[in-house]
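Peer 1: Handing over entry.pdb, PDB, N, CA and C atoms.
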```
MODEL        1
ATOM      1  N   MET R 241      25.236  15.465 -14.703
ATOM      2  CA  MET R 241      24.251  16.135 -15.524
ATOM      3  C   MET R 241      22.851  15.754 -15.057
ATOM      4  N   LEU R 242      22.037  16.718 -14.806
ATOM      5  CA  LEU R 242      20.651  16.522 -14.373
ATOM      6  C   LEU R 242      20.542  15.727 -13.076
ATOM      7  N   GLU R 243      21.576  15.771 -12.252
ATOM      8  CA  GLU R 243      21.589  14.998 -11.009
ATOM      9  C   GLU R 243      20.498  15.420 -10.038
ATOM     10  N   ASN R 244      20.169  16.695 -10.003
ATOM     11  CA  ASN R 244      19.186  17.200  -9.052
ATOM     12  C   ASN R 244      17.794  17.345  -9.659
ATOM     13  N   SER R 245      17.560  16.737 -10.795
ATOM     14  CA  SER R 245      16.279  16.878 -11.468
ATOM     15  C   SER R 245      15.217  15.983 -10.830
ATOM     16  N   VAL R 246      13.981  16.300 -11.113
ATOM     17  CA  VAL R 246      12.860  15.482 -10.640
ATOM     18  C   VAL R 246      13.009  14.056 -11.172
ATOM     19  N   TRP R 247      13.464  13.942 -12.399
ATOM     20  CA  TRP R 247      13.630  12.625 -13.008
ATOM     21  C   TRP R 247      14.580  11.759 -12.189
ATOM     22  N   ARG R 248      15.710  12.330 -11.789
ATOM     23  CA  ARG R 248      16.731  11.564 -11.066
ATOM     24  C   ARG R 248      16.325  11.245  -9.631
ATOM     25  N   GLN R 249      15.332  11.912  -9.095
ATOM     26  CA  GLN R 249      14.846  11.577  -7.765
ATOM     27  C   GLN R 249      14.228  10.183  -7.747
ATOM     28  N   TYR R 250      13.689   9.763  -8.874
ATOM     29  CA  TYR R 250      12.972   8.488  -8.938
ATOM     30  C   TYR R 250      13.612   7.476  -9.878
ATOM     31  N   ASN R 251      14.524   7.913 -10.745
ATOM     32  CA  ASN R 251      15.176   7.024 -11.702
ATOM     33  C   ASN R 251      16.681   7.110 -11.532
ATOM     34  N   SER R 252      17.348   5.972 -11.580
ATOM     35  CA  SER R 252      18.794   5.966 -11.374
ATOM     36  C   SER R 252      19.562   6.430 -12.610
ATOM     37  N   GLU R 253      18.936   6.398 -13.780
ATOM     38  CA  GLU R 253      19.592   6.804 -15.026
ATOM     39  C   GLU R 253      18.795   7.906 -15.709
ATOM     40  N   ASN R 254      19.457   8.636 -16.587
ATOM     41  CA  ASN R 254      18.774   9.646 -17.405
ATOM     42  C   ASN R 254      18.188   8.976 -18.647
ATOM     43  N   ASN R 255      17.239   8.085 -18.449
ATOM     44  CA  ASN R 255      16.667   7.341 -19.574
ATOM     45  C   ASN R 255      15.335   7.921 -20.041
ATOM     46  N   PHE R 256      15.092   9.192 -19.749
ATOM     47  CA  PHE R 256      13.834   9.806 -20.169
ATOM     48  C   PHE R 256      13.733   9.896 -21.686
ATOM     49  N   ARG R 257      14.873   9.938 -22.372
ATOM     50  CA  ARG R 257      14.891   9.967 -23.842
ATOM     51  C   ARG R 257      14.193   8.730 -24.406
ATOM     52  N   GLU R 258      14.509   7.555 -23.875
ATOM     53  CA  GLU R 258      13.885   6.314 -24.347
ATOM     54  C   GLU R 258      12.383   6.309 -24.059
ATOM     55  N   LYS R 259      12.006   6.846 -22.916
ATOM     56  CA  LYS R 259      10.580   6.915 -22.553
ATOM     57  C   LYS R 259       9.841   7.861 -23.497
ATOM     58  N   LEU R 260      10.459   8.980 -23.843
ATOM     59  CA  LEU R 260       9.827   9.917 -24.768
ATOM     60  C   LEU R 260       9.641   9.294 -26.147
ATOM     61  N   VAL R 261      10.640   8.543 -26.591
ATOM     62  CA  VAL R 261      10.535   7.856 -27.885
ATOM     63  C   VAL R 261       9.332   6.921 -27.870
ATOM     64  N   THR R 262       9.160   6.205 -26.780
ATOM     65  CA  THR R 262       8.058   5.263 -26.654
ATOM     66  C   THR R 262       6.708   5.967 -26.625
ATOM     67  N   PHE R 263       6.568   6.949 -25.766
ATOM     68  CA  PHE R 263       5.265   7.578 -25.569
ATOM     69  C   PHE R 263       4.903   8.577 -26.661
ATOM     70  N   CYS R 264       5.884   9.243 -27.251
ATOM     71  CA  CYS R 264       5.596  10.221 -28.311
ATOM     72  C   CYS R 264       5.561   9.574 -29.689
ATOM     73  N   ASN R 265       6.021   8.344 -29.766
ATOM     74  CA  ASN R 265       6.021   7.603 -31.022
ATOM     75  C   ASN R 265       6.824   8.326 -32.109
ATOM     76  N   ILE R 266       8.037   8.751 -31.741
ATOM     77  CA  ILE R 266       8.951   9.351 -32.704
ATOM     78  C   ILE R 266      10.305   8.654 -32.582
ATOM     79  N   GLU R 267      11.119   8.760 -33.615
ATOM     80  CA  GLU R 267      12.420   8.106 -33.606
ATOM     81  C   GLU R 267      13.418   8.900 -32.761
ATOM     82  N   SER R 268      14.308   8.186 -32.096
ATOM     83  CA  SER R 268      15.273   8.851 -31.213
ATOM     84  C   SER R 268      16.238   9.747 -31.990
ATOM     85  N   LEU R 269      16.471   9.454 -33.264
ATOM     86  CA  LEU R 269      17.358  10.292 -34.070
ATOM     87  C   LEU R 269      16.771  11.682 -34.294
ATOM     88  N   ASN R 270      15.463  11.805 -34.212
ATOM     89  CA  ASN R 270      14.805  13.084 -34.447
ATOM     90  C   ASN R 270      14.678  13.935 -33.186
ATOM     91  N   LEU R 271      15.051  13.392 -32.045
ATOM     92  CA  LEU R 271      14.960  14.139 -30.793
ATOM     93  C   LEU R 271      16.129  15.118 -30.657
ATOM     94  N   ILE R 272      15.920  16.151 -29.871
ATOM     95  CA  ILE R 272      16.994  17.095 -29.551
ATOM     96  C   ILE R 272      18.159  16.296 -28.977
ATOM     97  N   GLU R 273      19.374  16.549 -29.470
ATOM     98  CA  GLU R 273      20.532  15.715 -29.113
ATOM     99  C   GLU R 273      20.996  15.879 -27.675
ATOM    100  N   ASP R 274      21.032  17.098 -27.192
ATOM    101  CA  ASP R 274      21.544  17.362 -25.849
ATOM    102  C   ASP R 274      20.482  17.019 -24.803
ATOM    103  N   ASP R 275      20.827  16.155 -23.855
ATOM    104  CA  ASP R 275      19.880  15.738 -22.817
ATOM    105  C   ASP R 275      19.381  16.907 -21.987
ATOM    106  N   LYS R 276      20.277  17.851 -21.706
ATOM    107  CA  LYS R 276      19.887  19.007 -20.899
ATOM    108  C   LYS R 276      18.820  19.840 -21.607
ATOM    109  N   ASP R 277      19.012  20.063 -22.900
ATOM    110  CA  ASP R 277      18.044  20.831 -23.687
ATOM    111  C   ASP R 277      16.729  20.067 -23.823
ATOM    112  N   LEU R 278      16.816  18.775 -24.046
ATOM    113  CA  LEU R 278      15.617  17.952 -24.177
ATOM    114  C   LEU R 278      14.823  17.946 -22.876
ATOM    115  N   TYR R 279      15.530  17.840 -21.753
ATOM    116  CA  TYR R 279      14.850  17.849 -20.456
ATOM    117  C   TYR R 279      14.215  19.216 -20.192
ATOM    118  N   ALA R 280      14.869  20.285 -20.622
ATOM    119  CA  ALA R 280      14.310  21.627 -20.453
ATOM    120  C   ALA R 280      13.001  21.770 -21.232
ATOM    121  N   VAL R 281      12.949  21.221 -22.422
ATOM    122  CA  VAL R 281      11.710  21.252 -23.210
ATOM    123  C   VAL R 281      10.646  20.409 -22.525
ATOM    124  N   LEU R 282      11.034  19.258 -22.016
ATOM    125  CA  LEU R 282      10.098  18.394 -21.290
ATOM    126  C   LEU R 282       9.504  19.149 -20.100
ATOM    127  N   LYS R 283      10.360  19.819 -19.342
ATOM    128  CA  LYS R 283       9.891  20.596 -18.188
ATOM    129  C   LYS R 283       8.961  21.723 -18.604
ATOM    130  N   SER R 284       9.232  22.331 -19.733
ATOM    131  CA  SER R 284       8.401  23.460 -20.170
ATOM    132  C   SER R 284       7.034  23.018 -20.681
ATOM    133  N   LYS R 285       6.931  21.804 -21.156
ATOM    134  CA  LYS R 285       5.675  21.317 -21.735
ATOM    135  C   LYS R 285       4.770  20.623 -20.726
ATOM    136  N   LEU R 286       5.321  20.216 -19.584
ATOM    137  CA  LEU R 286       4.526  19.533 -18.563
ATOM    138  C   LEU R 286       4.424  20.393 -17.313
ATOM    139  N   THR R 287       3.334  20.205 -16.580
ATOM    140  CA  THR R 287       3.237  20.857 -15.282
ATOM    141  C   THR R 287       4.177  20.126 -14.320
ATOM    142  N   LYS R 288       4.428  20.729 -13.166
ATOM    143  CA  LYS R 288       5.302  20.077 -12.180
ATOM    144  C   LYS R 288       4.728  18.727 -11.754
ATOM    145  N   LYS R 289       3.426  18.693 -11.573
ATOM    146  CA  LYS R 289       2.769  17.454 -11.145
ATOM    147  C   LYS R 289       2.858  16.388 -12.240
ATOM    148  N   GLU R 290       2.683  16.789 -13.505
ATOM    149  CA  GLU R 290       2.786  15.848 -14.622
ATOM    150  C   GLU R 290       4.208  15.319 -14.762
ATOM    151  N   LEU R 291       5.193  16.188 -14.602
ATOM    152  CA  LEU R 291       6.590  15.764 -14.697
ATOM    153  C   LEU R 291       6.921  14.767 -13.596
ATOM    154  N   LYS R 292       6.445  15.048 -12.399
ATOM    155  CA  LYS R 292       6.683  14.147 -11.269
ATOM    156  C   LYS R 292       5.986  12.805 -11.504
ATOM    157  N   LEU R 293       4.758  12.842 -12.012
ATOM    158  CA  LEU R 293       4.025  11.614 -12.326
ATOM    159  C   LEU R 293       4.756  10.813 -13.392
ATOM    160  N   PHE R 294       5.240  11.489 -14.428
ATOM    161  CA  PHE R 294       5.978  10.822 -15.501
ATOM    162  C   PHE R 294       7.240  10.153 -14.957
ATOM    163  N   ALA R 295       7.978  10.853 -14.117
ATOM    164  CA  ALA R 295       9.208  10.297 -13.537
ATOM    165  C   ALA R 295       8.900   9.105 -12.636
ATOM    166  N   MET R 296       7.891   9.245 -11.798
ATOM    167  CA  MET R 296       7.551   8.173 -10.860
ATOM    168  C   MET R 296       6.974   6.958 -11.587
ATOM    169  N   ASP R 297       6.109   7.191 -12.554
ATOM    170  CA  ASP R 297       5.496   6.088 -13.294
ATOM    171  C   ASP R 297       6.545   5.365 -14.134
ATOM    172  N   SER R 298       7.486   6.107 -14.696
ATOM    173  CA  SER R 298       8.561   5.495 -15.480
ATOM    174  C   SER R 298       9.500   4.668 -14.614
ATOM    175  N   ALA R 299       9.560   4.994 -13.337
ATOM    176  CA  ALA R 299      10.391   4.225 -12.401
ATOM    177  C   ALA R 299       9.644   2.994 -11.887
ATOM    178  N   SER R 300       8.446   2.774 -12.396
ATOM    179  CA  SER R 300       7.611   1.617 -12.044
ATOM    180  C   SER R 300       7.281   1.559 -10.555
ATOM    181  N   LEU R 301       7.013   2.716  -9.981
ATOM    182  CA  LEU R 301       6.588   2.744  -8.587
ATOM    183  C   LEU R 301       5.133   2.289  -8.495
ATOM    184  N   ALA R 302       4.777   1.720  -7.374
ATOM    185  CA  ALA R 302       3.418   1.222  -7.166
ATOM    186  C   ALA R 302       2.427   2.384  -7.159
ATOM    187  N   ASP R 303       1.212   2.103  -7.623
ATOM    188  CA  ASP R 303       0.172   3.130  -7.666
ATOM    189  C   ASP R 303      -0.099   3.730  -6.293
ATOM    190  N   GLU R 304       0.021   2.919  -5.250
ATOM    191  CA  GLU R 304      -0.215   3.417  -3.895
ATOM    192  C   GLU R 304       0.794   4.513  -3.538
ATOM    193  N   LYS R 305       2.040   4.308  -3.938
ATOM    194  CA  LYS R 305       3.081   5.310  -3.674
ATOM    195  C   LYS R 305       2.820   6.571  -4.495
ATOM    196  N   LEU R 306       2.396   6.404  -5.745
ATOM    197  CA  LEU R 306       2.061   7.545  -6.583
ATOM    198  C   LEU R 306       0.910   8.342  -5.970
ATOM    199  N   GLN R 307      -0.109   7.633  -5.507
ATOM    200  CA  GLN R 307      -1.265   8.290  -4.900
ATOM    201  C   GLN R 307      -0.861   9.077  -3.657
ATOM    202  N   ALA R 308      -0.034   8.473  -2.825
ATOM    203  CA  ALA R 308       0.396   9.133  -1.593
ATOM    204  C   ALA R 308       1.256  10.365  -1.894
ATOM    205  N   GLU R 309       2.175  10.229  -2.813
ATOM    206  CA  GLU R 309       3.097  11.323  -3.151
ATOM    207  C   GLU R 309       2.388  12.489  -3.827
ATOM    208  N   LEU R 310       1.407  12.180  -4.687
ATOM    209  CA  LEU R 310       0.734  13.216  -5.462
ATOM    210  C   LEU R 310      -0.608  13.639  -4.867
ATOM    211  N   SER R 311      -0.983  13.052  -3.749
ATOM    212  CA  SER R 311      -2.253  13.347  -3.069
ATOM    213  C   SER R 311      -3.457  13.156  -3.991
ATOM    214  N   LEU R 312      -3.509  11.980  -4.615
ATOM    215  CA  LEU R 312      -4.598  11.635  -5.526
ATOM    216  C   LEU R 312      -5.266  10.346  -5.072
ATOM    217  N   ASN R 313      -6.559  10.219  -5.363
ATOM    218  CA  ASN R 313      -7.203   8.928  -5.128
ATOM    219  C   ASN R 313      -7.033   8.076  -6.381
ATOM    220  N   ASP R 314      -7.550   6.858  -6.358
ATOM    221  CA  ASP R 314      -7.339   5.919  -7.458
ATOM    222  C   ASP R 314      -7.875   6.456  -8.788
ATOM    223  N   GLU R 315      -9.073   7.000  -8.764
ATOM    224  CA  GLU R 315      -9.690   7.515  -9.993
ATOM    225  C   GLU R 315      -8.931   8.728 -10.530
ATOM    226  N   GLU R 316      -8.536   9.621  -9.646
ATOM    227  CA  GLU R 316      -7.789  10.815 -10.047
ATOM    228  C   GLU R 316      -6.427  10.445 -10.637
ATOM    229  N   LEU R 317      -5.796   9.416 -10.074
ATOM    230  CA  LEU R 317      -4.498   8.968 -10.585
ATOM    231  C   LEU R 317      -4.636   8.421 -12.002
ATOM    232  N   GLN R 318      -5.654   7.607 -12.235
ATOM    233  CA  GLN R 318      -5.863   7.053 -13.570
ATOM    234  C   GLN R 318      -6.163   8.154 -14.588
ATOM    235  N   LYS R 319      -6.940   9.153 -14.187
ATOM    236  CA  LYS R 319      -7.237  10.283 -15.074
ATOM    237  C   LYS R 319      -5.971  11.086 -15.364
ATOM    238  N   ALA R 320      -5.144  11.289 -14.341
ATOM    239  CA  ALA R 320      -3.903  12.049 -14.511
ATOM    240  C   ALA R 320      -2.947  11.323 -15.456
ATOM    241  N   LYS R 321      -2.833  10.004 -15.318
ATOM    242  CA  LYS R 321      -1.982   9.221 -16.226
ATOM    243  C   LYS R 321      -2.504   9.298 -17.654
ATOM    244  N   PHE R 322      -3.831   9.159 -17.816
ATOM    245  CA  PHE R 322      -4.430   9.219 -19.144
ATOM    246  C   PHE R 322      -4.141  10.568 -19.795
ATOM    247  N   LYS R 323      -4.339  11.642 -19.040
ATOM    248  CA  LYS R 323      -4.116  12.990 -19.551
ATOM    249  C   LYS R 323      -2.641  13.196 -19.926
ATOM    250  N   LEU R 324      -1.739  12.716 -19.079
ATOM    251  CA  LEU R 324      -0.307  12.864 -19.330
ATOM    252  C   LEU R 324       0.102  12.161 -20.614
ATOM    253  N   TYR R 325      -0.258  10.900 -20.753
ATOM    254  CA  TYR R 325       0.188  10.141 -21.920
ATOM    255  C   TYR R 325      -0.551  10.558 -23.186
ATOM    256  N   LYS R 326      -1.737  11.117 -23.036
ATOM    257  CA  LYS R 326      -2.450  11.683 -24.180
ATOM    258  C   LYS R 326      -1.726  12.943 -24.655
ATOM    259  N   LYS R 327      -1.200  13.708 -23.716
ATOM    260  CA  LYS R 327      -0.461  14.935 -24.032
ATOM    261  C   LYS R 327       0.776  14.620 -24.881
ATOM    262  N   PHE R 328       1.442  13.519 -24.590
ATOM    263  CA  PHE R 328       2.644  13.137 -25.346
ATOM    264  C   PHE R 328       2.331  12.826 -26.805
ATOM    265  N   LYS R 329       1.114  12.484 -27.111
ATOM    266  CA  LYS R 329       0.748  12.141 -28.479
ATOM    267  C   LYS R 329       0.312  13.352 -29.300
ATOM    268  N   GLN R 330       0.164  14.507 -28.667
ATOM    269  CA  GLN R 330      -0.232  15.725 -29.372
ATOM    270  C   GLN R 330       0.930  16.239 -30.218
ATOM    271  N   ASP R 331       0.604  16.702 -31.416
ATOM    272  CA  ASP R 331       1.633  17.184 -32.337
ATOM    273  C   ASP R 331       2.442  18.344 -31.772
ATOM    274  N   LYS R 332       1.786  19.272 -31.067
ATOM    275  CA  LYS R 332       2.528  20.432 -30.555
ATOM    276  C   LYS R 332       3.575  20.018 -29.527
ATOM    277  N   ILE R 333       3.315  18.952 -28.792
ATOM    278  CA  ILE R 333       4.283  18.445 -27.822
ATOM    279  C   ILE R 333       5.381  17.662 -28.543
ATOM    280  N   ARG R 334       4.971  16.768 -29.426
ATOM    281  CA  ARG R 334       5.941  15.938 -30.158
ATOM    282  C   ARG R 334       6.904  16.797 -30.963
ATOM    283  N   LEU R 335       6.393  17.837 -31.620
ATOM    284  CA  LEU R 335       7.250  18.697 -32.436
ATOM    285  C   LEU R 335       8.248  19.483 -31.593
ATOM    286  N   ALA R 336       7.896  19.781 -30.375
ATOM    287  CA  ALA R 336       8.810  20.519 -29.495
ATOM    288  C   ALA R 336      10.054  19.704 -29.151
ATOM    289  N   PHE R 337       9.940  18.387 -29.167
ATOM    290  CA  PHE R 337      11.072  17.521 -28.842
ATOM    291  C   PHE R 337      11.979  17.234 -30.045
ATOM    292  N   ARG R 338      11.541  17.600 -31.229
ATOM    293  CA  ARG R 338      12.281  17.270 -32.447
ATOM    294  C   ARG R 338      13.364  18.289 -32.741
ATOM    295  N   THR R 339      14.386  17.834 -33.468
ATOM    296  CA  THR R 339      15.461  18.735 -33.906
ATOM    297  C   THR R 339      15.000  19.474 -35.152
ATOM    298  N   LEU R 340      15.698  20.528 -35.505
ATOM    299  CA  LEU R 340      15.354  21.310 -36.680
ATOM    300  C   LEU R 340      16.287  21.010 -37.844
ATOM    301  N   VAL R 341      16.895  19.847 -37.866
ATOM    302  CA  VAL R 341      17.892  19.477 -38.851
ATOM    303  C   VAL R 341      17.274  19.230 -40.227
ATOM    304  N   GLU R 342      16.046  18.752 -40.286
ATOM    305  CA  GLU R 342      15.446  18.292 -41.534
ATOM    306  C   GLU R 342      15.189  19.400 -42.544
ATOM    307  N   ILE R 343      15.208  20.664 -42.188
ATOM    308  CA  ILE R 343      14.842  21.765 -43.065
ATOM    309  C   ILE R 343      15.995  22.192 -43.977
ATOM    310  N   SER R 344      17.201  21.833 -43.704
ATOM    311  CA  SER R 344      18.387  22.371 -44.379
ATOM    312  C   SER R 344      18.683  21.785 -45.760
ATOM    313  N   ASP R 345      17.738  21.233 -46.489
ATOM    314  CA  ASP R 345      17.984  20.589 -47.783
ATOM    315  C   ASP R 345      17.834  21.509 -48.978
ATOM    316  N   SER R 346      17.521  22.763 -48.834
ATOM    317  CA  SER R 346      17.244  23.658 -49.970
ATOM    318  C   SER R 346      18.477  24.024 -50.727
TER
ENDMDL
END
```
Translate this file's structure into structure tokens.

Peer 2:
Amino acid sequence: MLENSVWRQYNSENNFREKLVTFCNIESLNLIEDDKDLYAVLKSKLTKKELKLFAMDSASLADEKLQAELSLNDEELQKAKFKLYKKFKQDKIRLAFRTLVEISDS
């Protein structure tokens, strides 16, 4: 599952769920259950460059490698990281990762 994804190019496990919980500040129980669906939402909300940066940064690659791979200088890389992680805190992004289970109490 997701073997050929950008995430798996840089990470040995599909642990993007844990990273999303950390950066979006939401509980893992509220996330979309299926990893494939959750990854599809992640891909739809980020640009290709942002997704690649997220995967590489989560794999704890050195900034020099990130700069070389993404063709960014030091200042541009820091701005790109700031923009990416700021995006994860936006409500429209966080809500896209959540399940719709909570509404069924009527």

Peer 1: Name the closest residue to Ile333 (chain R) among the candidates R:Ala280, R:Val246, R:Cys264, R:Ala302; distances are taken between atoms, counting all atoms listed in the file.

Peer 2: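 Once distances to Ile333 (chain R) are computed over all atoms listed in the file, the minimum belongs to R:Cys264.
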
Peer 1: Run through the PyMOL selection byres (((chain R and resi 293-298 and name CA) around 9) and name CA) on the given coordinates and return the selected residues as a count of residues only.

Peer 2: 25

Peer 1: Please report the interatomic distance between atom C of Val261 (chain R) and atom C of Glu243 (chain R) in Å with one decimal.

Peer 2: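 These atoms are spaced 22.7 Å apart.
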
Peer 1: Could you tell me how far CA of Lys327 (chain R) sits from CA of Leu312 (chain R), in Å to one decimal place?

Peer 2: 19.2 Å

Peer 1: Considering only C-alpha atoms, can you say which of R:Leu286, R:Glu304, R:Glu253, R:Ile266 comes closest to Arg338 (chain R)?

Peer 2: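 Of all the options, R:Ile266 lies closest to Arg338 (chain R).
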